[in-house]
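A.B. asks: Contents are compact mmCIF, C-alpha atoms; file name entry27.txt:
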# COMPACT_ATOMS: atom_id res chain seq x y z
CA MET A 1 0.00 0.00 0.00
CA THR A 2 1.37 3.44 -0.91
CA PRO A 3 1.82 6.05 1.86
CA ASP A 4 -0.90 8.22 0.31
CA LEU A 5 -3.41 5.43 0.56
CA GLN A 6 -2.18 4.54 4.00
CA ALA A 7 -3.02 8.09 5.13
CA LEU A 8 -6.63 7.40 4.17
CA ALA A 9 -6.68 4.39 6.43
CA THR A 10 -5.85 6.65 9.38
CA LEU A 11 -9.01 8.71 8.95
CA ASP A 12 -10.71 9.28 12.30
CA ARG A 13 -13.57 6.78 12.31
CA THR A 14 -15.39 8.61 15.09
CA ILE A 15 -15.78 11.66 12.86
CA HIS A 16 -15.99 9.76 9.58
CA GLU A 17 -19.48 8.44 10.34
CA PRO A 18 -21.86 10.79 8.41
CA ALA A 19 -24.17 11.62 11.32
CA ARG A 20 -21.26 12.48 13.60
CA LEU A 21 -19.61 14.47 10.81
CA MET A 22 -22.80 16.54 10.55
CA ILE A 23 -22.80 17.20 14.29
CA MET A 24 -19.13 18.16 14.27
CA THR A 25 -19.66 20.47 11.28
CA VAL A 26 -22.60 22.27 12.90
CA LEU A 27 -20.76 22.65 16.19
CA TYR A 28 -17.60 23.85 14.46
CA GLY A 29 -19.58 26.49 12.56
CA THR A 30 -21.89 27.50 15.39
CA GLY A 31 -19.60 27.45 18.40
CA GLU A 32 -22.10 25.98 20.79
CA ALA A 33 -25.64 24.78 20.37
CA ASP A 34 -28.19 22.95 22.45
CA PHE A 35 -29.65 19.53 21.89
CA LEU A 36 -32.85 20.81 20.29
CA TYR A 37 -31.03 23.07 17.83
CA LEU A 38 -28.72 20.23 16.78
CA GLN A 39 -31.67 17.92 16.40
CA ARG A 40 -33.43 20.38 14.10
CA GLU A 41 -30.34 21.26 12.09
CA CYS A 42 -29.27 17.67 11.48
CA GLY A 43 -32.75 16.15 11.30
CA PHE A 44 -32.08 13.41 13.84
CA THR A 45 -34.36 11.75 16.32
CA GLN A 46 -33.64 12.29 20.01
CA GLY A 47 -32.27 8.79 20.47
CA ASN A 48 -30.09 8.97 17.39
CA LEU A 49 -28.59 12.30 18.35
CA SER A 50 -28.08 11.16 21.95
CA SER A 51 -26.14 8.08 20.93
CA HIS A 52 -23.90 9.97 18.49
CA LEU A 53 -23.26 12.73 21.01
CA ALA A 54 -22.40 10.13 23.61
CA LYS A 55 -19.81 8.63 21.25
CA LEU A 56 -18.32 12.04 20.50
CA GLU A 57 -18.26 12.88 24.19
CA ALA A 58 -16.58 9.58 24.99
CA ALA A 59 -13.90 10.37 22.39
CA GLY A 60 -13.38 13.74 24.11
CA TYR A 61 -14.47 15.70 21.05
CA VAL A 62 -17.67 17.22 22.43
CA LEU A 63 -18.38 18.84 25.75
CA ILE A 64 -21.96 18.47 26.97
CA GLU A 65 -23.08 20.82 29.72
CA LYS A 66 -26.41 21.31 31.43
CA MET A 67 -27.24 24.96 31.98
CA PHE A 68 -30.19 27.23 32.51
CA LYS A 69 -31.27 30.14 30.35
CA GLY A 70 -33.90 31.77 32.50
CA LYS A 71 -35.95 28.87 33.81
CA TYR A 72 -35.41 26.74 30.74
CA PRO A 73 -32.87 23.92 31.08
CA LEU A 74 -30.52 23.54 28.14
CA THR A 75 -28.22 20.74 27.14
CA VAL A 76 -25.48 22.75 25.48
CA CYS A 77 -22.91 21.01 23.30
CA SER A 78 -19.64 22.47 22.08
CA LEU A 79 -16.44 21.15 20.55
CA THR A 80 -13.48 20.68 22.83
CA THR A 81 -10.01 21.80 21.75
CA LYS A 82 -9.27 18.17 20.98
CA GLY A 83 -12.48 17.95 18.95
CA ARG A 84 -11.66 21.05 16.90
CA ALA A 85 -8.16 19.77 16.21
CA ALA A 86 -9.49 16.35 15.23
CA PHE A 87 -12.07 17.87 12.91
CA GLU A 88 -9.47 20.09 11.23
CA GLU A 89 -7.13 17.13 10.84
CA TYR A 90 -9.95 15.06 9.35
CA VAL A 91 -10.83 17.79 6.84
CA LYS A 92 -7.17 18.17 5.90
CA LYS A 93 -6.90 14.46 5.15
CA ILE A 94 -10.11 14.42 3.14
CA ARG A 95 -8.96 17.45 1.17
CA ALA A 96 -5.77 15.63 0.32
CA VAL A 97 -7.70 13.09 -1.74
CA GLN A 98 -9.51 15.80 -3.71
CA PRO A 99 -8.93 15.18 -7.43
CA PRO A 100 -7.64 17.96 -9.68
CA GLU A 101 -10.14 20.35 -11.25
CA PRO A 102 -11.71 19.01 -14.48
CA SER A 103 -10.09 21.80 -16.51
CA SER A 104 -6.58 20.81 -15.44
CA ALA A 105 -7.10 17.08 -15.88
CA GLY A 106 -9.37 15.93 -18.62
CA ARG A 107 -9.76 12.49 -17.09
CA PHE A 108 -12.11 13.78 -14.41
CA SER A 109 -15.25 14.61 -16.30
CA GLU A 110 -17.29 14.96 -13.14
CA ALA A 111 -16.60 15.27 -9.44
CA PRO A 112 -16.66 12.02 -7.51
CA PRO A 113 -19.44 11.56 -4.96
CA PHE A 114 -17.33 12.23 -1.85
CA ARG A 115 -16.57 15.75 -3.07
CA ARG A 116 -20.26 16.55 -3.20
CA THR A 117 -20.59 15.30 0.33
CA LEU A 118 -17.97 17.78 1.47
CA ALA A 119 -19.51 20.76 -0.25
CA PRO A 120 -23.26 20.40 -0.72
CA ARG A 121 -25.40 23.14 -2.31
CA MET B 1 -12.29 27.15 -6.53
CA ASN B 2 -15.65 25.94 -5.39
CA SER B 3 -18.12 28.87 -5.33
CA SER B 4 -20.64 27.31 -2.93
CA PRO B 5 -20.02 27.93 0.78
CA SER B 6 -18.47 25.14 2.80
CA PRO B 7 -20.83 23.39 5.25
CA VAL B 8 -18.91 24.99 8.13
CA VAL B 9 -19.45 28.51 6.80
CA HIS B 10 -23.05 27.61 6.01
CA ALA B 11 -23.58 26.40 9.59
CA SER B 12 -22.13 29.60 11.01
CA GLN B 13 -24.31 31.67 8.66
CA ARG B 14 -27.40 29.76 9.79
CA ALA B 15 -26.50 30.36 13.43
CA TRP B 16 -26.16 34.07 12.66
CA ASP B 17 -29.56 34.12 10.89
CA TYR B 18 -31.09 32.16 13.75
CA TRP B 19 -30.51 35.09 16.10
CA PHE B 20 -32.99 37.17 14.05
CA THR B 21 -35.49 34.45 13.24
CA ASP B 22 -37.99 35.39 15.96
CA GLY B 23 -38.23 39.14 15.24
CA LEU B 24 -37.29 40.08 18.81
CA THR B 25 -34.35 42.21 17.66
CA ASN B 26 -36.64 44.34 15.52
CA LEU B 27 -39.09 44.63 18.40
CA ILE B 28 -36.27 45.96 20.58
CA VAL B 29 -35.18 48.45 17.89
CA GLY B 30 -38.79 49.58 17.43
CA THR B 31 -39.38 49.98 21.16
CA GLY B 32 -36.18 52.04 21.46
CA CYS B 33 -37.27 54.38 18.67
CA VAL B 34 -40.75 54.82 20.18
CA LEU B 35 -39.32 55.56 23.64
CA LEU B 36 -36.82 58.09 22.26
CA SER B 37 -39.49 59.83 20.20
CA PHE B 38 -41.70 60.00 23.33
CA CYS B 39 -38.85 61.70 25.22
CA ILE B 40 -38.42 64.24 22.40
CA LEU B 41 -42.14 64.85 21.92
CA TYR B 42 -42.97 65.36 25.59
CA PRO B 43 -40.03 67.06 27.28
CA PRO B 44 -40.57 68.20 30.89
CA HIS B 45 -41.49 71.90 31.16
CA TRP B 46 -40.81 74.24 34.05
CA PRO B 47 -42.46 74.07 36.57
CA PRO B 48 -42.56 70.31 36.02
CA SER B 49 -45.81 68.42 36.44
CA PRO B 50 -44.97 65.31 38.53
CA LEU B 51 -46.89 62.96 36.24
CA ARG B 52 -45.39 64.32 33.02
CA PHE B 53 -41.89 64.42 34.44
CA GLY B 54 -42.31 60.89 35.82
CA LEU B 55 -43.42 59.54 32.46
CA TRP B 56 -40.61 61.33 30.65
CA ALA B 57 -38.03 60.05 33.14
CA LEU B 58 -39.44 56.52 32.90
CA ALA B 59 -39.30 56.60 29.09
CA LEU B 60 -35.74 57.91 29.18
CA PHE B 61 -34.73 55.29 31.74
CA LEU B 62 -36.28 52.50 29.65
CA TYR B 63 -34.63 53.81 26.49
CA LEU B 64 -31.20 53.95 28.14
CA SER B 65 -31.69 50.51 29.70
CA LEU B 66 -32.69 49.12 26.34
CA ASN B 67 -29.58 50.60 24.74
CA LEU B 68 -27.15 49.53 27.41
CA ARG B 69 -28.64 46.13 28.21
CA HIS B 70 -30.20 45.15 24.89
CA ARG B 71 -28.18 41.94 24.74
CA HIS B 72 -29.36 40.78 28.17
CA ILE B 73 -32.94 41.79 27.46
CA LEU B 74 -32.87 39.87 24.18
CA GLU B 75 -31.39 36.78 25.85
CA TRP B 76 -34.04 37.00 28.59
CA LEU B 77 -36.83 37.19 26.00
CA LYS B 78 -35.32 34.42 23.89
CA ALA B 79 -35.05 32.14 26.91
CA ARG B 80 -38.82 32.37 27.19
CA THR B 81 -39.83 32.25 23.54
CA THR B 82 -37.14 30.95 21.19
CA TYR B 83 -34.99 28.47 23.10
CA PRO B 84 -37.85 26.26 24.33
CA ARG B 85 -39.28 26.12 20.79
CA THR B 86 -36.37 25.74 18.42
CA GLY B 87 -33.33 25.50 20.64
CA TYR B 88 -30.30 27.55 21.50
CA ALA B 89 -27.35 28.42 19.29
CA GLN B 90 -24.48 30.62 20.33
CA PRO B 91 -25.43 34.24 19.67
CA PRO B 92 -23.32 36.32 17.31
CA ALA B 93 -20.42 38.35 18.75
CA ASP B 94 -21.44 41.43 20.71
CA ASP B 95 -19.69 43.68 18.25
CA THR B 96 -21.99 43.98 15.26
CA PHE B 97 -19.11 44.65 12.92
CA CYS B 98 -17.25 41.55 14.04
CA LEU B 99 -19.85 39.13 12.82
CA THR B 100 -17.81 35.98 12.54
CA THR B 101 -16.07 34.93 15.71
CA LEU B 102 -14.89 31.70 14.16
CA LYS B 103 -11.20 31.18 13.90
CA MET B 104 -11.08 29.33 10.62
CA ARG B 105 -7.91 27.41 10.01
CA PRO B 106 -6.32 26.74 6.63
CA GLY B 107 -8.24 24.16 4.71
CA LEU B 108 -11.62 25.07 6.19
CA GLY B 109 -12.41 28.05 4.03
CA PRO B 110 -10.92 31.06 5.84
CA GLU B 111 -11.10 33.14 2.68
CA GLU B 112 -14.83 32.46 2.47
CA SER B 113 -15.57 33.53 6.03
CA GLU B 114 -13.33 36.60 5.76
CA LEU B 115 -14.93 37.57 2.48
CA ARG B 116 -18.41 37.26 3.95
CA ALA B 117 -17.54 39.20 7.10
CA SER B 118 -15.87 41.91 5.02
CA ARG B 119 -18.88 42.12 2.68
CA ARG B 120 -21.21 42.41 5.67
CA ARG B 121 -19.09 45.14 7.23
CA THR B 122 -19.09 47.13 3.98
CA ASN B 123 -22.84 46.76 3.60
CA TYR B 124 -23.45 47.83 7.21
CA VAL B 125 -21.29 50.92 6.78
CA MET B 126 -22.96 51.81 3.48
CA LEU B 127 -26.44 51.36 4.95
CA GLY B 128 -25.52 53.50 7.96
CA MET B 129 -24.13 56.23 5.71
CA ILE B 130 -27.25 56.26 3.54
CA VAL B 131 -29.53 56.52 6.59
CA ILE B 132 -27.40 59.29 8.13
CA ALA B 133 -27.30 61.18 4.81
CA SER B 134 -31.09 60.96 4.59
CA LEU B 135 -31.50 62.28 8.12
CA VAL B 136 -29.09 65.16 7.40
CA MET B 137 -31.13 65.91 4.29
CA ILE B 138 -34.28 66.11 6.42
CA VAL B 139 -32.67 68.57 8.81
CA ALA B 140 -30.96 70.68 6.13
CA ILE B 141 -33.71 70.98 3.52
CA ARG B 142 -36.86 72.52 4.89
CA ARG B 143 -39.22 71.47 2.12
CA SER B 144 -42.20 69.16 2.35
CA TRP B 145 -40.95 66.84 -0.41
CA VAL B 146 -37.82 66.04 1.58
CA TRP B 147 -39.76 63.47 3.62
CA ILE B 148 -40.69 61.51 0.51
CA ALA B 149 -37.14 61.72 -0.86
CA ALA B 150 -35.50 60.70 2.42
CA SER B 151 -37.99 57.90 3.07
CA LEU B 152 -37.64 56.50 -0.45
CA ILE B 153 -33.85 56.54 -0.15
CA ILE B 154 -34.02 54.72 3.19
CA ALA B 155 -36.63 52.31 1.80
CA ALA B 156 -34.39 51.54 -1.20
CA ALA B 157 -31.43 50.96 1.11
CA MET B 158 -33.57 48.66 3.25
CA ILE B 159 -34.62 46.66 0.18
CA VAL B 160 -31.00 46.17 -0.82
CA ALA B 161 -29.94 45.28 2.73
CA ARG B 162 -33.07 43.32 3.59
CA LYS B 163 -31.28 40.03 4.12
CA LEU B 164 -28.36 41.64 5.92
CA ILE B 165 -30.46 43.36 8.58
CA HIS B 166 -33.20 40.70 8.58
CA VAL B 167 -36.26 42.81 7.91
CA SER B 168 -39.36 41.88 5.96
CA TRP B 169 -40.99 43.90 3.18
CA ILE B 170 -43.00 45.72 5.85
CA VAL B 171 -39.99 47.94 6.60
CA PRO B 172 -39.26 49.38 3.11
CA ILE B 173 -42.98 49.69 2.34
CA GLY B 174 -43.55 51.27 5.75
CA PHE B 175 -40.82 53.84 5.12
CA ALA B 176 -42.32 54.79 1.77
CA VAL B 177 -45.78 55.17 3.35
CA LEU B 178 -44.28 57.20 6.22
CA GLY B 179 -42.59 59.60 3.79
CA PHE B 180 -45.76 60.19 1.79
CA SER B 181 -47.79 60.67 5.00
CA MET B 182 -45.30 63.22 6.34
CA THR B 183 -45.46 65.15 3.08
CA PHE B 184 -49.19 65.17 2.56
CA PHE B 185 -50.14 65.52 6.24
CA PRO B 186 -47.26 67.67 7.51
CA PRO B 187 -46.83 67.71 11.27
CA PRO B 188 -45.64 70.82 13.17
CA ARG B 189 -42.07 71.55 12.08
CA ASP B 190 -40.62 71.39 15.61
CA LYS B 191 -42.08 67.94 16.17
CA ALA B 192 -41.60 66.51 12.70
CA SER B 193 -38.31 64.73 13.42
CA ALA B 194 -39.70 63.10 16.55
CA ILE B 195 -42.82 61.99 14.67
CA PHE B 196 -40.63 60.57 11.90
CA LEU B 197 -38.71 58.65 14.56
CA LEU B 198 -41.99 57.47 16.07
CA GLY B 199 -43.09 56.21 12.65
CA TRP B 200 -39.74 54.48 12.27
CA GLY B 201 -40.24 52.75 15.63
CA LEU B 202 -43.79 51.69 14.76
CA ILE B 203 -42.60 50.19 11.46
CA PHE B 204 -39.98 48.09 13.26
CA LEU B 205 -42.50 47.12 15.95
CA LEU B 206 -44.93 45.99 13.26
CA ASP B 207 -42.22 44.05 11.44
CA GLY B 208 -40.90 42.44 14.63
CA GLY B 209 -44.43 41.69 15.85
CA THR B 210 -45.47 39.94 12.66
CA THR B 211 -42.21 37.98 12.51
CA LEU B 212 -42.64 36.89 16.13
CA LEU B 213 -46.27 35.94 15.54
CA ARG B 214 -45.35 33.90 12.47
CA TYR B 215 -42.51 32.25 14.37
CA ILE B 216 -44.77 31.33 17.31
CA LEU B 217 -47.45 29.94 15.00
CA GLN B 218 -44.91 27.88 13.06
CA ASN B 219 -43.22 26.63 16.22
CA PRO B 220 -45.80 25.92 18.90
CA ALA B 221 -44.61 25.79 22.50
CA PRO B 222 -43.46 22.34 23.57
CA GLY B 223 -44.83 20.48 26.58
CA LYS B 224 -43.31 20.94 29.99
CA GLN B 225 -40.89 18.13 29.25
CA ALA B 226 -37.54 19.74 28.47
CA PRO B 227 -35.25 18.02 25.99
CA THR B 228 -32.40 16.12 27.56
CA ALA B 229 -29.46 14.36 26.07
Mind turning the file's structure into structure tokens?
C.D. replies:
Amino acid sequence: MTPDLQALATLDRTIHEPARLMIMTVLYGTGEADFLYLQRECGFTQGNLSSHLAKLEAAGYVLIEKMFKGKYPLTVCSLTTKGRAAFEEYVKKIRAVQPPEPSSAGRFSEAPPFRRTLAPR
Amino acid sequence: MNSSPSPVVHASQRAWDYWFTDGLTNLIVGTGCVLLSFCILYPPHWPPSPLRFGLWALALFLYLSLNLRHRHILEWLKARTTYPRTGYAQPPADDTFCLTTLKMRPGLGPEESELRASRRRTNYVMLGMIVIASLVMIVAIRRSWVWIAASLIIAAAMIVARKLIHVSWIVPIGFAVLGFSMTFFPPPRDKASAIFLLGWGLIFLLDGGTTLLRYILQNPAPGKQAPTA
């Protein structure tokens, strides 16, 4: 196996799972968000989001805190320093496998599916 | 380079928009304008009547409180209306001109976020300059048509910056109507500016009120069970 391909094998599996990648992306962009906001943004059920958050928390990527805003209890999630670093590292590795632009290499007539996953819309 | 925003930038943009989704910010702006116009319209005379002075002082106190503590007031209101319905996301930075607090690292689209923040800053400054120029025009030119001209300029600026400052069509239309009303039903000259400000406040109150109403209807209050992880 070439070193380039070997680098792909070291992708962080905790983040690589699509649902957890969505959560990490939202938290990276938002800063901090509560359970309900994450649920609405990602379109998960309560149980689904809970289990993914628990895995991210166990990996030390997400910090989950209970706090009050007025009388309303919030379950606020945010990325830890380790989580931010892991996310950035993950994105860097994924970017490394990005193929050249179609104009510079005629072989790639259309972007492969994983590129669309990285940049939807 | 890919022209569409990265999901990270998109998420931060959505969090920024989320702050304005309930119309409470416009309600605060509107209330501030109404309170200030009240203070200008009904200043205390000598000898002061206790009731009039009390009302004036109360309005001034509320206006100053609203200006100095608007962030806390907004958070307090949101904790009772927005967060229980659609959740909490970190509010934008306190400094309006520093809209993106994210520290984007290489590889995550720093140029995109910087470009957006810079574009927002430019638009805010341009909008502010247009509004100030219109207000100067009102003070400097003592003609009845100046109200229409100033209002139409502000309305046009609001249309252009509608998405930036999160206002509905009520605001530009309201400004146009206000300008025509001030021209065809001219108020006393010494009170005209305060009445214009009052109209401004009422427009923002109407806009914020309708946005809040729509938001509440679309997102009914949940049961007493709070979401837990």
A.B. asks: So that I can check the surroundings of segment 18-27 of chain A, please list as an mmCIF file with C-alpha atoms, in the coordinates of the input every protein, DNA and RNA residue that reaches within 8 Å of it, counting all atoms listed in the file and ignoring chain neighbours fewer than 2 positions away.
C.D. replies:
data_model
loop_
_atom_site.group_PDB
_atom_site.id
_atom_site.type_symbol
_atom_site.label_atom_id
_atom_site.label_comp_id
_atom_site.auth_asym_id
_atom_site.auth_seq_id
_atom_site.Cartn_x
_atom_site.Cartn_y
_atom_site.Cartn_z
ATOM 1 C CA THR A 14 -15.390 8.610 15.090
ATOM 2 C CA ILE A 15 -15.780 11.660 12.860
ATOM 3 C CA HIS A 16 -15.990 9.760 9.580
ATOM 4 C CA GLY A 29 -19.580 26.490 12.560
ATOM 5 C CA THR A 30 -21.890 27.500 15.390
ATOM 6 C CA GLY A 31 -19.600 27.450 18.400
ATOM 7 C CA GLU A 32 -22.100 25.980 20.790
ATOM 8 C CA ALA A 33 -25.640 24.780 20.370
ATOM 9 C CA LEU A 38 -28.720 20.230 16.780
ATOM 10 C CA GLU A 41 -30.340 21.260 12.090
ATOM 11 C CA CYS A 42 -29.270 17.670 11.480
ATOM 12 C CA HIS A 52 -23.900 9.970 18.490
ATOM 13 C CA LEU A 53 -23.260 12.730 21.010
ATOM 14 C CA LEU A 56 -18.320 12.040 20.500
ATOM 15 C CA CYS A 77 -22.910 21.010 23.300
ATOM 16 C CA SER A 78 -19.640 22.470 22.080
ATOM 17 C CA LEU A 79 -16.440 21.150 20.550
ATOM 18 C CA PHE A 87 -12.070 17.870 12.910
ATOM 19 C CA PRO B 7 -20.830 23.390 5.250
ATOM 20 C CA VAL B 8 -18.910 24.990 8.130
ATOM 21 C CA ALA B 11 -23.580 26.400 9.590
ATOM 22 C CA SER B 12 -22.130 29.600 11.010
#
A.B. asks: Any idea what the distance is between atom CA of Leu62 of chain B and atom CA of Leu35 of chain B?
C.D. replies: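 Computing it gives 7.4 Å between the two atoms.
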A.B. asks: Do you have the atom CA of Asp22 of chain B-atom CA of Gly208 of chain B distance handy?
C.D. replies: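 Rounded to one decimal, the two atoms are 7.7 Å apart.
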A.B. asks: Check every residue of chain A for an atom within 10 Å of chain B, counting all atoms listed in the file, and provide those that qualify as number ranges by chain.
C.D. replies: A: 22, 24-41, 46-47, 49-51, 53-54, 64-66, 68-78, 85, 87-89, 91-93, 95-96, 101, 117-121
A.B. asks: For Gly30 of chain B, which residue out of B:Ile141, B:Leu205, B:Ile216, B:Arg120 is the nearest one, using all atoms listed in the file?
C.D. replies: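 Answer, going by the shortest atom-to-atom distance: B:Leu205.
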A.B. asks: So how many Å separate atom CA of His72 of chain B and atom CA of Leu202 of chain B, to one decimal?
C.D. replies: 22.5 Å
A.B. asks: Could you give me the centre and size, in Å to one decimal, of an axis-aligned box around all listed atoms of segment 72-83 of chain A with 6 Å added on every side, as AutoDock Vina command-line options?
C.D. replies:
--center_x -22.3 --center_y 22.3 --center_z 25.0 --size_x 38.1 --size_y 20.8 --size_z 24.1
A.B. asks: If you count all atoms listed in the file, which residues fall within 12 Å of Leu213 of chain B, apart from same-chain ones fewer than 2 positions away, as a PyMOL selection string?
C.D. replies: chain B and resi 21-24+27+81-82+205-211+215-220
A.B. asks: Skip Phe204 of chain B itself and residues of its chain fewer than 5 positions away, then list as an MDAnalysis selection string all residues within 9 Å of it, counting all atoms listed in the file.
C.D. replies: chainID B and resid 26:31 33 167 170:171 174 199 209
